[in-house]
Amino acid sequence: MALLQLGIRCRYVPEEVLIREGDRSNHVVLLRSGFVKVTSRLENGHEALLAIRVGGDIVGEMAAMDEGATRSATVTACGEIAASIVRETDLRVFLDSHPEAARAVNRIVVRRLRWANQRRVEFGAYSVKVRLARVLAELASSYGHQVPRGLVIGVDLTQPELAALTGSAEVTIHKALAELRQEGLITTGYRRTTVLDLARLRETARLESAGPYVEGQYHSR
């Protein structure tokens, strides 16, 4: 992908901040490998998990496209990250000369807005158990790796983070996880979740005709 040839290559260690909420920087970060969490600080001091981004994706594009705006979220490495830092001016020059890439970045922004709107609808339309099943099913489909018993989700998420992704209280997530375990759909350990039956989990999540709950990667040819 031509876009990944831009910028200065760098590496991040687990828990290192790539982008900090409130900063006035406007570069973008192209993720070459690894996972990051996108979070935002709420008025009550709590931290909300907004999304997960993976290798092949782009973060920080909103500040680059909205001149003068501060960063709207913090991006933190979930493990070892390989990335490229691209200056806003370099990105604009590249997109001006590569219309197909510009359209791809625009599609990313539109898809993320649609995803955020859909999630707000789901918060009111579905129970916590269904919302949790959606998150786990999509994480397993997108980032899971096969083991003899099922799919181990390749993103370490705590119960508070799952609660943030599903718009629910941690105690409610604890109960929903217990129900999914009792139904033989998942097993859980320390920061580790294994999906035992993805098809049944998707049925519980009512995902037969629904779009992805966790966004896919950015790819441009």
# chains A, B, ... in the order shown; residues from 1 in each chain; ligands from 1

$ select_by_dssp --residues "chain A" --states "helix (DSSP H, G or I)" --output "mmCIF file with N, CA, C and O atoms, in the first residue's frame"
data_model
loop_
_atom_site.group_PDB
_atom_site.id
_atom_site.type_symbol
_atom_site.label_atom_id
_atom_site.label_comp_id
_atom_site.auth_asym_id
_atom_site.auth_seq_id
_atom_site.Cartn_x
_atom_site.Cartn_y
_atom_site.Cartn_z
ATOM 1 N N ALA A 2 0.627 2.134 -0.938
ATOM 2 C CA ALA A 2 1.490 3.308 -1.110
ATOM 3 C C ALA A 2 1.505 4.202 0.120
ATOM 4 O O ALA A 2 2.549 4.764 0.481
ATOM 5 N N LEU A 3 0.375 4.348 0.778
ATOM 6 C CA LEU A 3 0.300 5.232 1.942
ATOM 7 C C LEU A 3 1.260 4.798 3.044
ATOM 8 O O LEU A 3 1.837 5.637 3.748
ATOM 9 N N LEU A 4 1.461 3.491 3.178
ATOM 10 C CA LEU A 4 2.336 2.984 4.240
ATOM 11 C C LEU A 4 3.807 3.267 3.973
ATOM 12 O O LEU A 4 4.648 3.020 4.833
ATOM 13 N N GLN A 5 4.123 3.765 2.784
ATOM 14 C CA GLN A 5 5.508 4.114 2.492
ATOM 15 C C GLN A 5 5.867 5.513 2.989
ATOM 16 O O GLN A 5 7.029 5.917 2.969
ATOM 17 N N GLU A 61 -6.470 10.816 12.140
ATOM 18 C CA GLU A 61 -6.855 11.483 10.897
ATOM 19 C C GLU A 61 -7.812 12.648 11.115
ATOM 20 O O GLU A 61 -7.856 13.589 10.304
ATOM 21 N N MET A 62 -8.588 12.632 12.214
ATOM 22 C CA MET A 62 -9.556 13.700 12.435
ATOM 23 C C MET A 62 -8.853 15.042 12.652
ATOM 24 O O MET A 62 -9.241 16.060 12.083
ATOM 25 N N ALA A 63 -7.821 15.057 13.483
ATOM 26 C CA ALA A 63 -7.089 16.302 13.740
ATOM 27 C C ALA A 63 -6.364 16.778 12.486
ATOM 28 O O ALA A 63 -6.231 17.980 12.254
ATOM 29 N N ALA A 64 -5.914 15.841 11.670
ATOM 30 C CA ALA A 64 -5.224 16.219 10.440
ATOM 31 C C ALA A 64 -6.176 16.850 9.433
ATOM 32 O O ALA A 64 -5.793 17.736 8.659
ATOM 33 N N MET A 65 -7.438 16.410 9.445
ATOM 34 C CA MET A 65 -8.407 16.910 8.481
ATOM 35 C C MET A 65 -9.159 18.135 8.989
ATOM 36 O O MET A 65 -9.742 18.885 8.198
ATOM 37 N N GLU A 88 0.990 16.145 8.768
ATOM 38 C CA GLU A 88 -0.276 16.527 8.131
ATOM 39 C C GLU A 88 -0.040 17.073 6.731
ATOM 40 O O GLU A 88 -0.780 16.753 5.790
ATOM 41 N N THR A 89 0.995 17.892 6.552
ATOM 42 C CA THR A 89 1.265 18.458 5.235
ATOM 43 C C THR A 89 1.643 17.385 4.221
ATOM 44 O O THR A 89 1.211 17.425 3.058
ATOM 45 N N ASP A 90 2.434 16.410 4.650
ATOM 46 C CA ASP A 90 2.810 15.319 3.752
ATOM 47 C C ASP A 90 1.593 14.481 3.373
ATOM 48 O O ASP A 90 1.470 14.021 2.223
ATOM 49 N N LEU A 91 0.700 14.269 4.334
ATOM 50 C CA LEU A 91 -0.507 13.495 4.053
ATOM 51 C C LEU A 91 -1.375 14.209 3.022
ATOM 52 O O LEU A 91 -1.889 13.587 2.082
ATOM 53 N N ARG A 92 -1.532 15.519 3.187
ATOM 54 C CA ARG A 92 -2.368 16.276 2.255
ATOM 55 C C ARG A 92 -1.792 16.234 0.837
ATOM 56 O O ARG A 92 -2.536 16.059 -0.134
ATOM 57 N N VAL A 93 -0.491 16.401 0.713
ATOM 58 C CA VAL A 93 0.143 16.343 -0.603
ATOM 59 C C VAL A 93 -0.081 14.974 -1.235
ATOM 60 O O VAL A 93 -0.404 14.859 -2.432
ATOM 61 N N PHE A 94 0.089 13.929 -0.435
ATOM 62 C CA PHE A 94 -0.089 12.570 -0.948
ATOM 63 C C PHE A 94 -1.524 12.350 -1.415
ATOM 64 O O PHE A 94 -1.757 11.814 -2.512
ATOM 65 N N LEU A 95 -2.500 12.748 -0.593
ATOM 66 C CA LEU A 95 -3.898 12.515 -0.947
ATOM 67 C C LEU A 95 -4.310 13.336 -2.158
ATOM 68 O O LEU A 95 -5.123 12.892 -2.976
ATOM 69 N N ASP A 96 -3.758 14.547 -2.289
ATOM 70 C CA ASP A 96 -4.060 15.381 -3.465
ATOM 71 C C ASP A 96 -3.585 14.724 -4.756
ATOM 72 O O ASP A 96 -4.204 14.881 -5.814
ATOM 73 N N SER A 97 -2.477 14.000 -4.669
ATOM 74 C CA SER A 97 -1.914 13.378 -5.868
ATOM 75 C C SER A 97 -2.342 11.921 -6.047
ATOM 76 O O SER A 97 -2.003 11.298 -7.058
ATOM 77 N N PRO A 99 -5.893 10.301 -5.779
ATOM 78 C CA PRO A 99 -7.341 10.377 -5.522
ATOM 79 C C PRO A 99 -7.938 9.098 -4.956
ATOM 80 O O PRO A 99 -8.836 9.163 -4.106
ATOM 81 N N GLU A 100 -7.423 7.952 -5.385
ATOM 82 C CA GLU A 100 -7.975 6.697 -4.874
ATOM 83 C C GLU A 100 -7.714 6.560 -3.375
ATOM 84 O O GLU A 100 -8.591 6.132 -2.611
ATOM 85 N N ALA A 101 -6.509 6.938 -2.940
ATOM 86 C CA ALA A 101 -6.191 6.892 -1.516
ATOM 87 C C ALA A 101 -7.038 7.893 -0.741
ATOM 88 O O ALA A 101 -7.487 7.612 0.379
ATOM 89 N N ALA A 102 -7.269 9.085 -1.335
ATOM 90 C CA ALA A 102 -8.101 10.101 -0.685
ATOM 91 C C ALA A 102 -9.519 9.574 -0.485
ATOM 92 O O ALA A 102 -10.128 9.773 0.574
ATOM 93 N N ARG A 103 -10.042 8.891 -1.501
ATOM 94 C CA ARG A 103 -11.385 8.321 -1.366
ATOM 95 C C ARG A 103 -11.408 7.235 -0.291
ATOM 96 O O ARG A 103 -12.388 7.113 0.455
ATOM 97 N N ALA A 104 -10.330 6.465 -0.199
ATOM 98 C CA ALA A 104 -10.270 5.407 0.814
ATOM 99 C C ALA A 104 -10.273 5.996 2.216
ATOM 100 O O ALA A 104 -10.950 5.491 3.120
ATOM 101 N N VAL A 105 -9.511 7.081 2.431
ATOM 102 C CA VAL A 105 -9.486 7.728 3.749
ATOM 103 C C VAL A 105 -10.862 8.321 4.058
ATOM 104 O O VAL A 105 -11.344 8.226 5.192
ATOM 105 N N ASN A 106 -11.506 8.920 3.067
ATOM 106 C CA ASN A 106 -12.853 9.442 3.287
ATOM 107 C C ASN A 106 -13.821 8.327 3.667
ATOM 108 O O ASN A 106 -14.698 8.522 4.527
ATOM 109 N N ARG A 107 -13.667 7.169 3.036
ATOM 110 C CA ARG A 107 -14.539 6.043 3.388
ATOM 111 C C ARG A 107 -14.307 5.602 4.824
ATOM 112 O O ARG A 107 -15.245 5.202 5.523
ATOM 113 N N ILE A 108 -13.056 5.665 5.270
ATOM 114 C CA ILE A 108 -12.762 5.308 6.664
ATOM 115 C C ILE A 108 -13.533 6.225 7.613
ATOM 116 O O ILE A 108 -14.175 5.768 8.562
ATOM 117 N N VAL A 109 -13.459 7.542 7.361
ATOM 118 C CA VAL A 109 -14.124 8.506 8.233
ATOM 119 C C VAL A 109 -15.632 8.276 8.237
ATOM 120 O O VAL A 109 -16.276 8.247 9.294
ATOM 121 N N VAL A 110 -16.208 8.073 7.057
ATOM 122 C CA VAL A 110 -17.654 7.841 6.963
ATOM 123 C C VAL A 110 -18.041 6.558 7.679
ATOM 124 O O VAL A 110 -19.028 6.518 8.424
ATOM 125 N N ARG A 111 -17.247 5.495 7.472
ATOM 126 C CA ARG A 111 -17.562 4.220 8.116
ATOM 127 C C ARG A 111 -17.505 4.333 9.632
ATOM 128 O O ARG A 111 -18.338 3.755 10.346
ATOM 129 N N ARG A 112 -16.532 5.087 10.135
ATOM 130 C CA ARG A 112 -16.417 5.239 11.581
ATOM 131 C C ARG A 112 -17.590 6.029 12.147
ATOM 132 O O ARG A 112 -18.079 5.735 13.239
ATOM 133 N N LEU A 113 -18.056 7.026 11.421
ATOM 134 C CA LEU A 113 -19.221 7.780 11.865
ATOM 135 C C LEU A 113 -20.465 6.895 11.862
ATOM 136 O O LEU A 113 -21.281 6.940 12.796
ATOM 137 N N ARG A 114 -20.628 6.095 10.810
ATOM 138 C CA ARG A 114 -21.767 5.178 10.750
ATOM 139 C C ARG A 114 -21.708 4.176 11.903
ATOM 140 O O ARG A 114 -22.716 3.863 12.529
ATOM 141 N N TRP A 115 -20.490 3.662 12.151
ATOM 142 C CA TRP A 115 -20.323 2.685 13.233
ATOM 143 C C TRP A 115 -20.688 3.298 14.584
ATOM 144 O O TRP A 115 -21.361 2.680 15.400
ATOM 145 N N ALA A 116 -20.234 4.536 14.809
ATOM 146 C CA ALA A 116 -20.536 5.203 16.078
ATOM 147 C C ALA A 116 -22.042 5.430 16.226
ATOM 148 O O ALA A 116 -22.608 5.229 17.306
ATOM 149 N N ASN A 117 -22.698 5.833 15.149
ATOM 150 C CA ASN A 117 -24.146 6.039 15.194
ATOM 151 C C ASN A 117 -24.880 4.730 15.448
ATOM 152 O O ASN A 117 -25.838 4.680 16.231
ATOM 153 N N GLN A 118 -24.435 3.661 14.775
ATOM 154 C CA GLN A 118 -25.072 2.363 14.968
ATOM 155 C C GLN A 118 -24.903 1.884 16.400
ATOM 156 O O GLN A 118 -25.832 1.310 16.985
ATOM 157 N N ARG A 119 -23.756 2.118 16.974
ATOM 158 C CA ARG A 119 -23.527 1.681 18.350
ATOM 159 C C ARG A 119 -24.454 2.408 19.308
ATOM 160 O O ARG A 119 -24.982 1.819 20.250
ATOM 161 N N ARG A 120 -24.700 3.710 19.086
ATOM 162 C CA ARG A 120 -25.622 4.456 19.936
ATOM 163 C C ARG A 120 -27.024 3.868 19.859
ATOM 164 O O ARG A 120 -27.737 3.775 20.860
ATOM 165 N N VAL A 121 -27.436 3.475 18.655
ATOM 166 C CA VAL A 121 -28.749 2.852 18.491
ATOM 167 C C VAL A 121 -28.804 1.537 19.251
ATOM 168 O O VAL A 121 -29.789 1.235 19.947
ATOM 169 N N GLU A 122 -27.745 0.746 19.144
ATOM 170 C CA GLU A 122 -27.724 -0.564 19.790
ATOM 171 C C GLU A 122 -27.756 -0.459 21.303
ATOM 172 O O GLU A 122 -28.291 -1.339 21.983
ATOM 173 N N PHE A 123 -27.182 0.602 21.859
ATOM 174 C CA PHE A 123 -27.200 0.774 23.307
ATOM 175 C C PHE A 123 -28.628 0.775 23.831
ATOM 176 O O PHE A 123 -28.906 0.289 24.924
ATOM 177 N N GLY A 124 -29.555 1.338 23.062
ATOM 178 C CA GLY A 124 -30.944 1.385 23.510
ATOM 179 C C GLY A 124 -31.775 0.221 23.022
ATOM 180 O O GLY A 124 -32.801 -0.102 23.617
ATOM 181 N N ALA A 125 -31.331 -0.433 21.925
ATOM 182 C CA ALA A 125 -32.152 -1.460 21.299
ATOM 183 C C ALA A 125 -31.884 -2.860 21.837
ATOM 184 O O ALA A 125 -32.762 -3.723 21.778
ATOM 185 N N VAL A 128 -27.524 -5.809 27.417
ATOM 186 C CA VAL A 128 -26.068 -5.833 27.596
ATOM 187 C C VAL A 128 -25.490 -7.151 27.092
ATOM 188 O O VAL A 128 -24.428 -7.170 26.457
ATOM 189 N N LYS A 129 -26.183 -8.240 27.329
ATOM 190 C CA LYS A 129 -25.693 -9.547 26.880
ATOM 191 C C LYS A 129 -25.539 -9.582 25.365
ATOM 192 O O LYS A 129 -24.533 -10.078 24.836
ATOM 193 N N VAL A 130 -26.516 -9.057 24.646
ATOM 194 C CA VAL A 130 -26.453 -9.034 23.178
ATOM 195 C C VAL A 130 -25.325 -8.123 22.717
ATOM 196 O O VAL A 130 -24.557 -8.465 21.817
ATOM 197 N N ARG A 131 -25.195 -6.953 23.340
ATOM 198 C CA ARG A 131 -24.132 -6.026 22.958
ATOM 199 C C ARG A 131 -22.758 -6.634 23.218
ATOM 200 O O ARG A 131 -21.838 -6.493 22.406
ATOM 201 N N LEU A 132 -22.613 -7.315 24.338
ATOM 202 C CA LEU A 132 -21.343 -7.966 24.654
ATOM 203 C C LEU A 132 -21.057 -9.077 23.659
ATOM 204 O O LEU A 132 -19.917 -9.228 23.187
ATOM 205 N N ALA A 133 -22.070 -9.867 23.332
ATOM 206 C CA ALA A 133 -21.886 -10.942 22.356
ATOM 207 C C ALA A 133 -21.451 -10.371 21.013
ATOM 208 O O ALA A 133 -20.624 -10.964 20.314
ATOM 209 N N ARG A 134 -21.967 -9.190 20.645
ATOM 210 C CA ARG A 134 -21.564 -8.545 19.386
ATOM 211 C C ARG A 134 -20.079 -8.174 19.416
ATOM 212 O O ARG A 134 -19.346 -8.422 18.461
ATOM 213 N N VAL A 135 -19.667 -7.561 20.505
ATOM 214 C CA VAL A 135 -18.263 -7.175 20.623
ATOM 215 C C VAL A 135 -17.364 -8.400 20.538
ATOM 216 O O VAL A 135 -16.387 -8.426 19.777
ATOM 217 N N LEU A 136 -17.679 -9.441 21.301
ATOM 218 C CA LEU A 136 -16.817 -10.629 21.334
ATOM 219 C C LEU A 136 -16.821 -11.366 19.998
ATOM 220 O O LEU A 136 -15.780 -11.849 19.549
ATOM 221 N N ALA A 137 -17.977 -11.439 19.349
ATOM 222 C CA ALA A 137 -18.053 -12.128 18.061
ATOM 223 C C ALA A 137 -17.223 -11.414 17.008
ATOM 224 O O ALA A 137 -16.495 -12.049 16.234
ATOM 225 N N GLU A 138 -17.308 -10.094 16.963
ATOM 226 C CA GLU A 138 -16.557 -9.352 15.966
ATOM 227 C C GLU A 138 -15.065 -9.328 16.274
ATOM 228 O O GLU A 138 -14.233 -9.374 15.368
ATOM 229 N N LEU A 139 -14.705 -9.252 17.555
ATOM 230 C CA LEU A 139 -13.295 -9.329 17.920
ATOM 231 C C LEU A 139 -12.714 -10.679 17.531
ATOM 232 O O LEU A 139 -11.602 -10.770 17.006
ATOM 233 N N ALA A 140 -13.471 -11.739 17.778
ATOM 234 C CA ALA A 140 -12.992 -13.078 17.425
ATOM 235 C C ALA A 140 -12.855 -13.235 15.921
ATOM 236 O O ALA A 140 -11.884 -13.816 15.424
ATOM 237 N N SER A 141 -13.827 -12.707 15.173
ATOM 238 C CA SER A 141 -13.785 -12.815 13.710
ATOM 239 C C SER A 141 -12.620 -12.031 13.131
ATOM 240 O O SER A 141 -11.966 -12.478 12.184
ATOM 241 N N SER A 142 -12.363 -10.852 13.682
ATOM 242 C CA SER A 142 -11.349 -9.964 13.115
ATOM 243 C C SER A 142 -9.948 -10.260 13.635
ATOM 244 O O SER A 142 -8.974 -10.180 12.875
ATOM 245 N N TYR A 143 -9.814 -10.585 14.932
ATOM 246 C CA TYR A 143 -8.499 -10.663 15.554
ATOM 247 C C TYR A 143 -8.220 -11.985 16.251
ATOM 248 O O TYR A 143 -7.164 -12.146 16.865
ATOM 249 N N GLN A 159 -12.463 -6.145 32.013
ATOM 250 C CA GLN A 159 -13.909 -6.000 32.132
ATOM 251 C C GLN A 159 -14.345 -4.538 32.085
ATOM 252 O O GLN A 159 -15.361 -4.221 31.451
ATOM 253 N N PRO A 160 -13.628 -3.602 32.710
ATOM 254 C CA PRO A 160 -14.007 -2.193 32.551
ATOM 255 C C PRO A 160 -13.958 -1.738 31.098
ATOM 256 O O PRO A 160 -14.800 -0.941 30.659
ATOM 257 N N GLU A 161 -12.991 -2.243 30.320
ATOM 258 C CA GLU A 161 -12.903 -1.861 28.911
ATOM 259 C C GLU A 161 -14.043 -2.461 28.107
ATOM 260 O O GLU A 161 -14.608 -1.810 27.208
ATOM 261 N N LEU A 162 -14.414 -3.707 28.408
ATOM 262 C CA LEU A 162 -15.572 -4.301 27.746
ATOM 263 C C LEU A 162 -16.843 -3.532 28.102
ATOM 264 O O LEU A 162 -17.719 -3.344 27.253
ATOM 265 N N ALA A 163 -16.932 -3.101 29.362
ATOM 266 C CA ALA A 163 -18.093 -2.306 29.771
ATOM 267 C C ALA A 163 -18.151 -1.006 28.983
ATOM 268 O O ALA A 163 -19.229 -0.566 28.545
ATOM 269 N N ALA A 164 -16.996 -0.380 28.773
ATOM 270 C CA ALA A 164 -16.960 0.876 28.017
ATOM 271 C C ALA A 164 -17.364 0.654 26.565
ATOM 272 O O ALA A 164 -18.106 1.455 25.981
ATOM 273 N N LEU A 165 -16.888 -0.442 25.959
ATOM 274 C CA LEU A 165 -17.222 -0.728 24.563
ATOM 275 C C LEU A 165 -18.704 -1.013 24.379
ATOM 276 O O LEU A 165 -19.261 -0.751 23.317
ATOM 277 N N THR A 166 -19.349 -1.561 25.396
ATOM 278 C CA THR A 166 -20.752 -1.932 25.277
ATOM 279 C C THR A 166 -21.691 -0.921 25.929
ATOM 280 O O THR A 166 -22.905 -1.105 25.898
ATOM 281 N N GLU A 170 -19.750 -2.172 34.807
ATOM 282 C CA GLU A 170 -18.858 -3.314 34.938
ATOM 283 C C GLU A 170 -19.553 -4.499 35.601
ATOM 284 O O GLU A 170 -19.352 -5.654 35.199
ATOM 285 N N VAL A 171 -20.393 -4.237 36.594
ATOM 286 C CA VAL A 171 -21.081 -5.331 37.283
ATOM 287 C C VAL A 171 -22.030 -6.055 36.336
ATOM 288 O O VAL A 171 -22.205 -7.284 36.408
ATOM 289 N N THR A 172 -22.623 -5.323 35.383
ATOM 290 C CA THR A 172 -23.525 -5.931 34.405
ATOM 291 C C THR A 172 -22.743 -6.773 33.411
ATOM 292 O O THR A 172 -23.198 -7.838 32.980
ATOM 293 N N ILE A 173 -21.566 -6.297 33.023
ATOM 294 C CA ILE A 173 -20.701 -7.067 32.128
ATOM 295 C C ILE A 173 -20.275 -8.367 32.791
ATOM 296 O O ILE A 173 -20.225 -9.426 32.161
ATOM 297 N N HIS A 174 -19.962 -8.295 34.076
ATOM 298 C CA HIS A 174 -19.569 -9.491 34.823
ATOM 299 C C HIS A 174 -20.678 -10.541 34.752
ATOM 300 O O HIS A 174 -20.408 -11.729 34.505
ATOM 301 N N LYS A 175 -21.923 -10.125 34.911
ATOM 302 C CA LYS A 175 -23.059 -11.043 34.850
ATOM 303 C C LYS A 175 -23.240 -11.592 33.439
ATOM 304 O O LYS A 175 -23.481 -12.786 33.251
ATOM 305 N N ALA A 176 -23.104 -10.727 32.429
ATOM 306 C CA ALA A 176 -23.282 -11.166 31.042
ATOM 307 C C ALA A 176 -22.201 -12.162 30.642
ATOM 308 O O ALA A 176 -22.475 -13.144 29.938
ATOM 309 N N LEU A 177 -20.957 -11.916 31.068
ATOM 310 C CA LEU A 177 -19.875 -12.863 30.791
ATOM 311 C C LEU A 177 -20.168 -14.222 31.422
ATOM 312 O O LEU A 177 -19.929 -15.270 30.801
ATOM 313 N N ALA A 178 -20.684 -14.197 32.644
ATOM 314 C CA ALA A 178 -21.016 -15.450 33.331
ATOM 315 C C ALA A 178 -22.078 -16.223 32.555
ATOM 316 O O ALA A 178 -21.996 -17.456 32.429
ATOM 317 N N GLU A 179 -23.072 -15.524 32.024
ATOM 318 C CA GLU A 179 -24.129 -16.189 31.257
ATOM 319 C C GLU A 179 -23.568 -16.817 29.979
ATOM 320 O O GLU A 179 -23.932 -17.945 29.615
ATOM 321 N N LEU A 180 -22.686 -16.098 29.296
ATOM 322 C CA LEU A 180 -22.099 -16.642 28.072
ATOM 323 C C LEU A 180 -21.216 -17.843 28.368
ATOM 324 O O LEU A 180 -21.154 -18.795 27.587
ATOM 325 N N ARG A 181 -20.532 -17.814 29.525
ATOM 326 C CA ARG A 181 -19.731 -18.979 29.932
ATOM 327 C C ARG A 181 -20.633 -20.172 30.224
ATOM 328 O O ARG A 181 -20.358 -21.293 29.806
ATOM 329 N N GLN A 182 -21.722 -19.930 30.963
ATOM 330 C CA GLN A 182 -22.648 -21.013 31.323
ATOM 331 C C GLN A 182 -23.281 -21.652 30.095
ATOM 332 O O GLN A 182 -23.582 -22.849 30.089
ATOM 333 N N LEU A 198 -18.364 -19.803 17.650
ATOM 334 C CA LEU A 198 -18.594 -18.489 17.042
ATOM 335 C C LEU A 198 -19.977 -18.397 16.405
ATOM 336 O O LEU A 198 -20.626 -17.352 16.485
ATOM 337 N N ALA A 199 -20.440 -19.468 15.779
ATOM 338 C CA ALA A 199 -21.745 -19.428 15.118
ATOM 339 C C ALA A 199 -22.865 -19.169 16.133
ATOM 340 O O ALA A 199 -23.745 -18.324 15.912
ATOM 341 N N ARG A 200 -22.828 -19.866 17.245
ATOM 342 C CA ARG A 200 -23.858 -19.667 18.274
ATOM 343 C C ARG A 200 -23.716 -18.302 18.931
ATOM 344 O O ARG A 200 -24.721 -17.677 19.291
ATOM 345 N N LEU A 201 -22.481 -17.835 19.084
ATOM 346 C CA LEU A 201 -22.275 -16.512 19.667
ATOM 347 C C LEU A 201 -22.867 -15.441 18.761
ATOM 348 O O LEU A 201 -23.486 -14.479 19.227
ATOM 349 N N ARG A 202 -22.698 -15.592 17.441
ATOM 350 C CA ARG A 202 -23.278 -14.638 16.503
ATOM 351 C C ARG A 202 -24.808 -14.682 16.546
ATOM 352 O O ARG A 202 -25.473 -13.661 16.366
ATOM 353 N N GLU A 203 -25.375 -15.861 16.774
ATOM 354 C CA GLU A 203 -26.828 -15.956 16.922
ATOM 355 C C GLU A 203 -27.277 -15.189 18.158
ATOM 356 O O GLU A 203 -28.262 -14.434 18.112
ATOM 357 N N THR A 204 -26.558 -15.363 19.253
ATOM 358 C CA THR A 204 -26.874 -14.620 20.478
ATOM 359 C C THR A 204 -26.742 -13.125 20.241
ATOM 360 O O THR A 204 -27.532 -12.326 20.763
ATOM 361 N N ALA A 205 -25.765 -12.739 19.425
ATOM 362 C CA ALA A 205 -25.512 -11.325 19.137
ATOM 363 C C ALA A 205 -26.471 -10.756 18.098
ATOM 364 O O ALA A 205 -26.450 -9.553 17.839
#

$ residues_around --residues "Thr39 (chain A)" --least-positions-apart "6" --cutoff "7 Å" --atoms "only C-alpha atoms" --output "PyMOL selection string"
chain A and resi 47-50+73-75

$ closest_residue --among "A:Gly55, A:Gly22, A:Gly167, A:Gly34" --to "Ser72 (chain A)" --atoms "only C-alpha atoms"
A:Gly22

$ closest_residue --among "A:Val13, A:Ile8, A:Ile52, A:Leu185" --to "Asp197 (chain A)" --atoms "only C-alpha atoms"
A:Leu185

$ atom_distance --atom1 "CA of Gly144 (chain A)" --atom2 "CA of Arg53 (chain A)"
14.2 Å

$ closest_residue --among "A:His46, A:Val155, A:Tyr126, A:Thr76" --to "Arg20 (chain A)" --atoms "only C-alpha atoms"
A:Thr76

$ atom_distance --atom1 "CA of Gly60 (chain A)" --atom2 "CA of Gly45 (chain A)"
22.5 Å

$ residues_around --residues "Thr158 (chain A)" --least-positions-apart "6" --cutoff "9 Å" --atoms "only C-alpha atoms" --output "list of chain:residue names"
A:Tyr190, A:Arg191, A:Arg192

$ write_last_selection --atoms "N, CA and C atoms" --output "compact mmCIF listing (two decimals), in the first residue's frame"
# COMPACT_ATOMS: atom_id res chain seq x y z
N TYR A 190 -7.36 -14.52 32.77
CA TYR A 190 -6.81 -13.18 32.99
C TYR A 190 -6.51 -12.53 31.65
N ARG A 191 -7.28 -11.48 31.32
CA ARG A 191 -7.12 -10.72 30.08
C ARG A 191 -7.09 -11.64 28.86
N ARG A 192 -7.88 -12.70 28.90
CA ARG A 192 -7.91 -13.67 27.80
C ARG A 192 -9.32 -14.23 27.66

$ select_by_dssp --residues "region 74-158 of chain A" --states "strand (DSSP E)" --output "MDAnalysis selection string"
chainID A and resid 74:77 81:86 145:147 150:152

$ residues_around --residues "Arg149 (chain A)" --least-positions-apart "2" --cutoff "12 Å" --atoms "only C-alpha atoms" --output "JSON, numbers by chain"
{"A": [145, 146, 147, 151, 152, 184, 185, 186, 187, 193, 194, 195, 196, 197, 198]}

$ write_last_selection --atoms "N, CA, C and O atoms" --output "CSV table (one decimal), in the first residue's frame"
chain,number,residue,atom,x,y,z
A,145,HIS,N,-7.3,-15.9,17.0
A,145,HIS,CA,-6.4,-17.0,16.4
A,145,HIS,C,-6.9,-18.3,16.8
A,145,HIS,O,-7.3,-18.5,18.0
A,146,GLN,N,-6.8,-19.3,15.9
A,146,GLN,CA,-7.4,-20.6,16.2
A,146,GLN,C,-6.5,-21.4,17.2
A,146,GLN,O,-5.3,-21.4,17.1
A,147,VAL,N,-7.3,-22.0,18.1
A,147,VAL,CA,-6.7,-23.0,19.1
A,147,VAL,C,-7.6,-24.2,19.0
A,147,VAL,O,-8.7,-24.1,18.4
A,151,LEU,N,-11.5,-19.9,19.2
A,151,LEU,CA,-10.8,-18.7,18.8
A,151,LEU,C,-10.4,-17.9,20.0
A,151,LEU,O,-11.3,-17.4,20.7
A,152,VAL,N,-9.1,-17.7,20.2
A,152,VAL,CA,-8.6,-16.8,21.3
A,152,VAL,C,-8.6,-15.4,20.7
A,152,VAL,O,-8.0,-15.1,19.7
A,184,GLY,N,-21.8,-22.1,27.4
A,184,GLY,CA,-20.7,-22.8,26.6
A,184,GLY,C,-20.3,-22.1,25.4
A,184,GLY,O,-19.7,-22.7,24.4
A,185,LEU,N,-20.4,-20.7,25.4
A,185,LEU,CA,-20.1,-19.9,24.2
A,185,LEU,C,-18.6,-19.4,24.3
A,185,LEU,O,-18.0,-19.2,23.3
A,186,ILE,N,-18.2,-19.2,25.5
A,186,ILE,CA,-16.8,-18.6,25.8
A,186,ILE,C,-16.2,-19.2,27.0
A,186,ILE,O,-16.9,-19.8,27.9
A,187,THR,N,-14.9,-19.0,27.1
A,187,THR,CA,-14.2,-19.2,28.4
A,187,THR,C,-13.4,-17.9,28.6
A,187,THR,O,-13.0,-17.3,27.7
A,193,THR,N,-9.9,-14.2,26.5
A,193,THR,CA,-11.2,-14.7,26.2
A,193,THR,C,-11.1,-15.6,25.0
A,193,THR,O,-10.5,-15.3,24.0
A,194,THR,N,-11.7,-16.8,25.1
A,194,THR,CA,-11.7,-17.8,24.0
A,194,THR,C,-13.2,-18.0,23.6
A,194,THR,O,-14.0,-18.3,24.5
A,195,VAL,N,-13.5,-17.8,22.4
A,195,VAL,CA,-14.8,-18.1,21.8
A,195,VAL,C,-14.9,-19.5,21.4
A,195,VAL,O,-14.1,-20.0,20.5
A,196,LEU,N,-15.7,-20.3,22.1
A,196,LEU,CA,-15.8,-21.7,21.8
A,196,LEU,C,-16.7,-22.1,20.6
A,196,LEU,O,-16.5,-23.1,20.0
A,197,ASP,N,-17.7,-21.3,20.4
A,197,ASP,CA,-18.7,-21.5,19.3
A,197,ASP,C,-19.1,-20.2,18.7
A,197,ASP,O,-20.0,-19.5,19.2
A,198,LEU,N,-18.4,-19.8,17.6
A,198,LEU,CA,-18.6,-18.5,17.0
A,198,LEU,C,-20.0,-18.4,16.4
A,198,LEU,O,-20.6,-17.4,16.5

$ closest_residue --among "A:Gly68, A:Gly79, A:Gly7, A:Gly56" --to "Ser25 (chain A)" --atoms "only C-alpha atoms"
A:Gly68
